[in-house]
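What follows is the content of final-v4.txt, which has compact mmCIF, C-alpha atoms:
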# COMPACT_ATOMS: atom_id res chain seq x y z
CA MET V 23 -11.12 -10.55 -0.63
CA THR V 24 -8.31 -9.37 -2.89
CA VAL V 25 -4.99 -8.19 -1.50
CA ALA V 26 -5.84 -4.66 -2.71
CA ASP V 27 -9.07 -4.82 -0.70
CA GLU V 28 -7.16 -6.07 2.37
CA ILE V 29 -4.68 -3.20 2.07
CA HIS V 30 -7.49 -0.65 1.66
CA LYS V 31 -9.52 -2.01 4.58
CA THR V 32 -6.48 -2.18 6.87
CA LEU V 33 -5.21 1.33 6.10
CA ASP V 34 -8.70 2.80 6.34
CA ALA V 35 -9.15 1.29 9.81
CA ALA V 36 -5.66 2.28 11.00
CA PHE V 37 -5.51 5.89 9.76
CA ASN V 38 -9.06 7.04 8.88
CA PRO V 39 -7.65 8.81 5.80
CA ARG V 40 -9.21 11.71 3.90
CA GLU V 41 -8.02 10.08 0.69
CA LEU V 42 -6.95 6.52 0.02
CA LYS V 43 -6.26 4.79 -3.28
CA VAL V 44 -4.82 1.29 -3.59
CA ILE V 45 -3.83 0.34 -7.12
CA ASP V 46 -2.76 -3.15 -8.19
CA ASP V 47 0.05 -2.27 -10.61
CA SER V 48 1.19 -5.87 -11.09
CA GLU V 49 0.43 -6.10 -14.79
CA SER V 50 2.90 -3.33 -15.64
CA HIS V 51 5.62 -5.51 -14.09
CA ARG V 52 4.96 -8.60 -16.23
CA GLY V 53 8.27 -10.31 -16.91
CA HIS V 54 10.04 -8.63 -13.99
CA ALA V 55 11.10 -10.11 -10.68
CA GLY V 56 8.25 -10.86 -8.32
CA TYR V 57 5.52 -10.81 -10.95
CA GLN V 58 2.93 -13.51 -10.46
CA GLU V 59 0.22 -14.50 -12.87
CA GLY V 60 -3.09 -13.01 -11.81
CA GLY V 61 -1.53 -9.92 -10.24
CA GLU V 62 -1.60 -8.98 -6.59
CA SER V 63 2.18 -8.64 -6.37
CA HIS V 64 2.88 -4.91 -6.97
CA PHE V 65 0.84 -2.10 -5.39
CA ASN V 66 0.78 1.69 -5.38
CA VAL V 67 -0.82 3.34 -2.36
CA PHE V 68 -1.82 7.01 -2.18
CA ILE V 69 -2.90 8.01 1.33
CA ARG V 70 -3.63 11.34 3.02
CA ALA V 71 -4.38 11.33 6.74
CA SER V 72 -3.90 13.67 9.66
CA ALA V 73 -2.00 10.88 11.45
CA PHE V 74 0.97 11.60 9.17
CA GLU V 75 1.13 15.36 9.84
CA GLY V 76 4.51 16.33 11.27
CA GLN V 77 5.99 12.87 10.72
CA SER V 78 9.14 12.29 8.72
CA ARG V 79 8.91 10.29 5.53
CA ILE V 80 10.57 7.34 7.26
CA ALA V 81 8.20 7.46 10.24
CA SER V 82 5.17 7.59 7.92
CA HIS V 83 6.41 4.62 5.89
CA ARG V 84 7.14 2.64 9.06
CA ALA V 85 3.64 3.36 10.36
CA VAL V 86 2.05 2.08 7.14
CA HIS V 87 4.23 -1.05 7.09
CA LYS V 88 3.42 -1.72 10.75
CA ALA V 89 -0.32 -1.31 10.10
CA LEU V 90 -0.18 -3.68 7.14
CA GLY V 91 1.63 -6.28 9.25
CA ASP V 92 1.46 -9.74 7.66
CA ILE V 93 0.22 -8.38 4.33
CA VAL V 94 3.63 -6.91 3.41
CA PRO V 95 5.53 -10.24 3.22
CA ARG V 96 2.88 -11.60 0.84
CA ILE V 97 3.56 -8.98 -1.84
CA HIS V 98 6.63 -8.14 -3.91
CA ALA V 99 6.47 -4.33 -4.11
CA LEU V 100 4.67 -1.53 -2.31
CA ALA V 101 5.05 2.06 -3.51
CA LEU V 102 3.79 4.63 -1.00
CA ASP V 103 2.72 8.23 -1.56
CA ILE V 104 1.95 9.49 1.94
CA GLY V 105 0.84 12.91 3.15
CA GLY V 106 -0.77 14.62 6.10
I'd like the structure from this file rewritten - as structure tokens, please.
Amino acid sequence: MTVADEIHKTLDAAFNPRELKVIDDSESHRGHAGYQEGGESHFNVFIRASAFEGQSRIASHRAVHKALGDIVPRIHALALDIGG
């Protein structure tokens, strides 16, 4: 299973989102810090779930990071676009 698949599966189980996109954006960071050959180092996540309604941006980001647990230390960058 790819890291993108792990992220998708984990967030889907944790938040039951209406919308969820996980994009491996590693290739656009070639030559930058944290890039690794083969990708799976930089990700963009777009998620919309009722669990985030009424939460601050910080609380939403913390919830996603907590849900992802041991996945986060294995990647270099995680950009989050979160909404309720």
So that I can see what lies close to Arg40 (chain V), please list as a PyMOL selection string the residues with an atom at most 9 Å from it, counting only C-alpha atoms and leaving out residues fewer than 3 positions away in the same chain. chain V and resi 69-72
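The nearest approach to Phe37 (chain V) among the residues V:Lys88, V:Arg79, V:His98, V:His64, with all atoms listed in the file taken into account, belongs to V:Lys88.
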List the residues sitting within 10 Å of (0.7, 10.9, 12.9) in the file's frame, using only C-alpha atoms, as a PyMOL selection string. chain V and resi 37+71-78+81-82+85+105-106
Would you list the residues near (10.5, 1.4, -6.7), meaning any protein, DNA or RNA residue with an atom at most 10 Å from that point in file coordinates, counting only C-alpha atoms, as a list of chain:residue names? V:His64, V:Asn66, V:Ala99, V:Leu100, V:Ala101, V:Leu102
Within 12 Å of region 23-34 of chain V, counting only C-alpha atoms, which residues qualify if same-chain residues fewer than 5 places away don't, as JSON, numbers by chain? {"V": [39, 40, 41, 42, 43, 44, 45, 46, 47, 48, 60, 61, 62, 63, 64, 65, 66, 67, 68, 69, 70, 71, 73, 85, 86, 87, 88, 89, 90, 91, 92, 93, 94, 95, 96, 97, 98, 100, 102, 104]}
Would you write out those residues with C-alpha atoms, as a PDB file, keeping the file's coordinate frame?
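Printed below is part-v2.pdb as written:
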ATOM      1  CA  PRO V  39      -7.650   8.810   5.800  1.00  0.00           C
ATOM      2  CA  ARG V  40      -9.210  11.710   3.900  1.00  0.00           C
ATOM      3  CA  GLU V  41      -8.020  10.080   0.690  1.00  0.00           C
ATOM      4  CA  LEU V  42      -6.950   6.520   0.020  1.00  0.00           C
ATOM      5  CA  LYS V  43      -6.260   4.790  -3.280  1.00  0.00           C
ATOM      6  CA  VAL V  44      -4.820   1.290  -3.590  1.00  0.00           C
ATOM      7  CA  ILE V  45      -3.830   0.340  -7.120  1.00  0.00           C
ATOM      8  CA  ASP V  46      -2.760  -3.150  -8.190  1.00  0.00           C
ATOM      9  CA  ASP V  47       0.050  -2.270 -10.610  1.00  0.00           C
ATOM     10  CA  SER V  48       1.190  -5.870 -11.090  1.00  0.00           C
ATOM     11  CA  GLY V  60      -3.090 -13.010 -11.810  1.00  0.00           C
ATOM     12  CA  GLY V  61      -1.530  -9.920 -10.240  1.00  0.00           C
ATOM     13  CA  GLU V  62      -1.600  -8.980  -6.590  1.00  0.00           C
ATOM     14  CA  SER V  63       2.180  -8.640  -6.370  1.00  0.00           C
ATOM     15  CA  HIS V  64       2.880  -4.910  -6.970  1.00  0.00           C
ATOM     16  CA  PHE V  65       0.840  -2.100  -5.390  1.00  0.00           C
ATOM     17  CA  ASN V  66       0.780   1.690  -5.380  1.00  0.00           C
ATOM     18  CA  VAL V  67      -0.820   3.340  -2.360  1.00  0.00           C
ATOM     19  CA  PHE V  68      -1.820   7.010  -2.180  1.00  0.00           C
ATOM     20  CA  ILE V  69      -2.900   8.010   1.330  1.00  0.00           C
ATOM     21  CA  ARG V  70      -3.630  11.340   3.020  1.00  0.00           C
ATOM     22  CA  ALA V  71      -4.380  11.330   6.740  1.00  0.00           C
ATOM     23  CA  ALA V  73      -2.000  10.880  11.450  1.00  0.00           C
ATOM     24  CA  ALA V  85       3.640   3.360  10.360  1.00  0.00           C
ATOM     25  CA  VAL V  86       2.050   2.080   7.140  1.00  0.00           C
ATOM     26  CA  HIS V  87       4.230  -1.050   7.090  1.00  0.00           C
ATOM     27  CA  LYS V  88       3.420  -1.720  10.750  1.00  0.00           C
ATOM     28  CA  ALA V  89      -0.320  -1.310  10.100  1.00  0.00           C
ATOM     29  CA  LEU V  90      -0.180  -3.680   7.140  1.00  0.00           C
ATOM     30  CA  GLY V  91       1.630  -6.280   9.250  1.00  0.00           C
ATOM     31  CA  ASP V  92       1.460  -9.740   7.660  1.00  0.00           C
ATOM     32  CA  ILE V  93       0.220  -8.380   4.330  1.00  0.00           C
ATOM     33  CA  VAL V  94       3.630  -6.910   3.410  1.00  0.00           C
ATOM     34  CA  PRO V  95       5.530 -10.240   3.220  1.00  0.00           C
ATOM     35  CA  ARG V  96       2.880 -11.600   0.840  1.00  0.00           C
ATOM     36  CA  ILE V  97       3.560  -8.980  -1.840  1.00  0.00           C
ATOM     37  CA  HIS V  98       6.630  -8.140  -3.910  1.00  0.00           C
ATOM     38  CA  LEU V 100       4.670  -1.530  -2.310  1.00  0.00           C
ATOM     39  CA  LEU V 102       3.790   4.630  -1.000  1.00  0.00           C
ATOM     40  CA  ILE V 104       1.950   9.490   1.940  1.00  0.00           C
TER      41      ILE V 104
END
Write region 78-99 of chain V as a PDB file, in the frame of the given file, completed to N, CA and C atoms.
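Result file is rebuild_12.pdb:
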ATOM      1  N   SER V  78       8.167  12.395   9.803  1.00  0.00           N
ATOM      2  CA  SER V  78       9.140  12.290   8.720  1.00  0.00           C
ATOM      3  C   SER V  78       8.648  11.245   7.726  1.00  0.00           C
ATOM      4  N   ARG V  79       9.265  11.260   6.555  1.00  0.00           N
ATOM      5  CA  ARG V  79       8.910  10.290   5.530  1.00  0.00           C
ATOM      6  C   ARG V  79       9.148   8.863   6.056  1.00  0.00           C
ATOM      7  N   ILE V  80      10.246   8.671   6.728  1.00  0.00           N
ATOM      8  CA  ILE V  80      10.570   7.340   7.260  1.00  0.00           C
ATOM      9  C   ILE V  80       9.551   6.901   8.304  1.00  0.00           C
ATOM     10  N   ALA V  81       9.186   7.805   9.197  1.00  0.00           N
ATOM     11  CA  ALA V  81       8.200   7.460  10.240  1.00  0.00           C
ATOM     12  C   ALA V  81       6.851   7.114   9.620  1.00  0.00           C
ATOM     13  N   SER V  82       6.449   7.857   8.595  1.00  0.00           N
ATOM     14  CA  SER V  82       5.170   7.590   7.920  1.00  0.00           C
ATOM     15  C   SER V  82       5.196   6.220   7.252  1.00  0.00           C
ATOM     16  N   HIS V  83       6.292   5.911   6.563  1.00  0.00           N
ATOM     17  CA  HIS V  83       6.410   4.620   5.890  1.00  0.00           C
ATOM     18  C   HIS V  83       6.413   3.482   6.912  1.00  0.00           C
ATOM     19  N   ARG V  84       7.122   3.672   8.007  1.00  0.00           N
ATOM     20  CA  ARG V  84       7.140   2.640   9.060  1.00  0.00           C
ATOM     21  C   ARG V  84       5.746   2.414   9.628  1.00  0.00           C
ATOM     22  N   ALA V  85       4.992   3.489   9.817  1.00  0.00           N
ATOM     23  CA  ALA V  85       3.640   3.360  10.360  1.00  0.00           C
ATOM     24  C   ALA V  85       2.746   2.561   9.415  1.00  0.00           C
ATOM     25  N   VAL V  86       2.859   2.817   8.116  1.00  0.00           N
ATOM     26  CA  VAL V  86       2.050   2.080   7.140  1.00  0.00           C
ATOM     27  C   VAL V  86       2.461   0.607   7.123  1.00  0.00           C
ATOM     28  N   HIS V  87       3.758   0.347   7.089  1.00  0.00           N
ATOM     29  CA  HIS V  87       4.230  -1.050   7.090  1.00  0.00           C
ATOM     30  C   HIS V  87       3.787  -1.780   8.354  1.00  0.00           C
ATOM     31  N   LYS V  88       3.855  -1.107   9.497  1.00  0.00           N
ATOM     32  CA  LYS V  88       3.420  -1.720  10.750  1.00  0.00           C
ATOM     33  C   LYS V  88       1.923  -2.037  10.703  1.00  0.00           C
ATOM     34  N   ALA V  89       1.127  -1.097  10.196  1.00  0.00           N
ATOM     35  CA  ALA V  89      -0.320  -1.310  10.100  1.00  0.00           C
ATOM     36  C   ALA V  89      -0.645  -2.487   9.183  1.00  0.00           C
ATOM     37  N   LEU V  90       0.100  -2.610   8.093  1.00  0.00           N
ATOM     38  CA  LEU V  90      -0.180  -3.680   7.140  1.00  0.00           C
ATOM     39  C   LEU V  90       0.287  -5.043   7.638  1.00  0.00           C
ATOM     40  N   GLY V  91       1.210  -5.047   8.587  1.00  0.00           N
ATOM     41  CA  GLY V  91       1.630  -6.280   9.250  1.00  0.00           C
ATOM     42  C   GLY V  91       1.945  -7.434   8.320  1.00  0.00           C
ATOM     43  N   ASP V  92       1.173  -8.512   8.422  1.00  0.00           N
ATOM     44  CA  ASP V  92       1.460  -9.740   7.660  1.00  0.00           C
ATOM     45  C   ASP V  92       1.086  -9.658   6.190  1.00  0.00           C
ATOM     46  N   ILE V  93       0.522  -8.544   5.756  1.00  0.00           N
ATOM     47  CA  ILE V  93       0.220  -8.380   4.330  1.00  0.00           C
ATOM     48  C   ILE V  93       1.506  -8.115   3.549  1.00  0.00           C
ATOM     49  N   VAL V  94       2.411  -7.327   4.112  1.00  0.00           N
ATOM     50  CA  VAL V  94       3.630  -6.910   3.410  1.00  0.00           C
ATOM     51  C   VAL V  94       4.462  -8.105   2.920  1.00  0.00           C
ATOM     52  N   PRO V  95       4.723  -9.116   3.718  1.00  0.00           N
ATOM     53  CA  PRO V  95       5.530 -10.240   3.220  1.00  0.00           C
ATOM     54  C   PRO V  95       4.888 -11.019   2.080  1.00  0.00           C
ATOM     55  N   ARG V  96       3.592 -10.858   1.882  1.00  0.00           N
ATOM     56  CA  ARG V  96       2.880 -11.600   0.840  1.00  0.00           C
ATOM     57  C   ARG V  96       2.948 -10.921  -0.517  1.00  0.00           C
ATOM     58  N   ILE V  97       3.481  -9.697  -0.580  1.00  0.00           N
ATOM     59  CA  ILE V  97       3.560  -8.980  -1.840  1.00  0.00           C
ATOM     60  C   ILE V  97       5.014  -8.690  -2.192  1.00  0.00           C
ATOM     61  N   HIS V  98       5.252  -8.378  -3.457  1.00  0.00           N
ATOM     62  CA  HIS V  98       6.630  -8.140  -3.910  1.00  0.00           C
ATOM     63  C   HIS V  98       7.033  -6.674  -3.775  1.00  0.00           C
ATOM     64  N   ALA V  99       6.115  -5.748  -4.105  1.00  0.00           N
ATOM     65  CA  ALA V  99       6.470  -4.330  -4.110  1.00  0.00           C
ATOM     66  C   ALA V  99       5.309  -3.474  -3.616  1.00  0.00           C
TER      67      ALA V  99
END
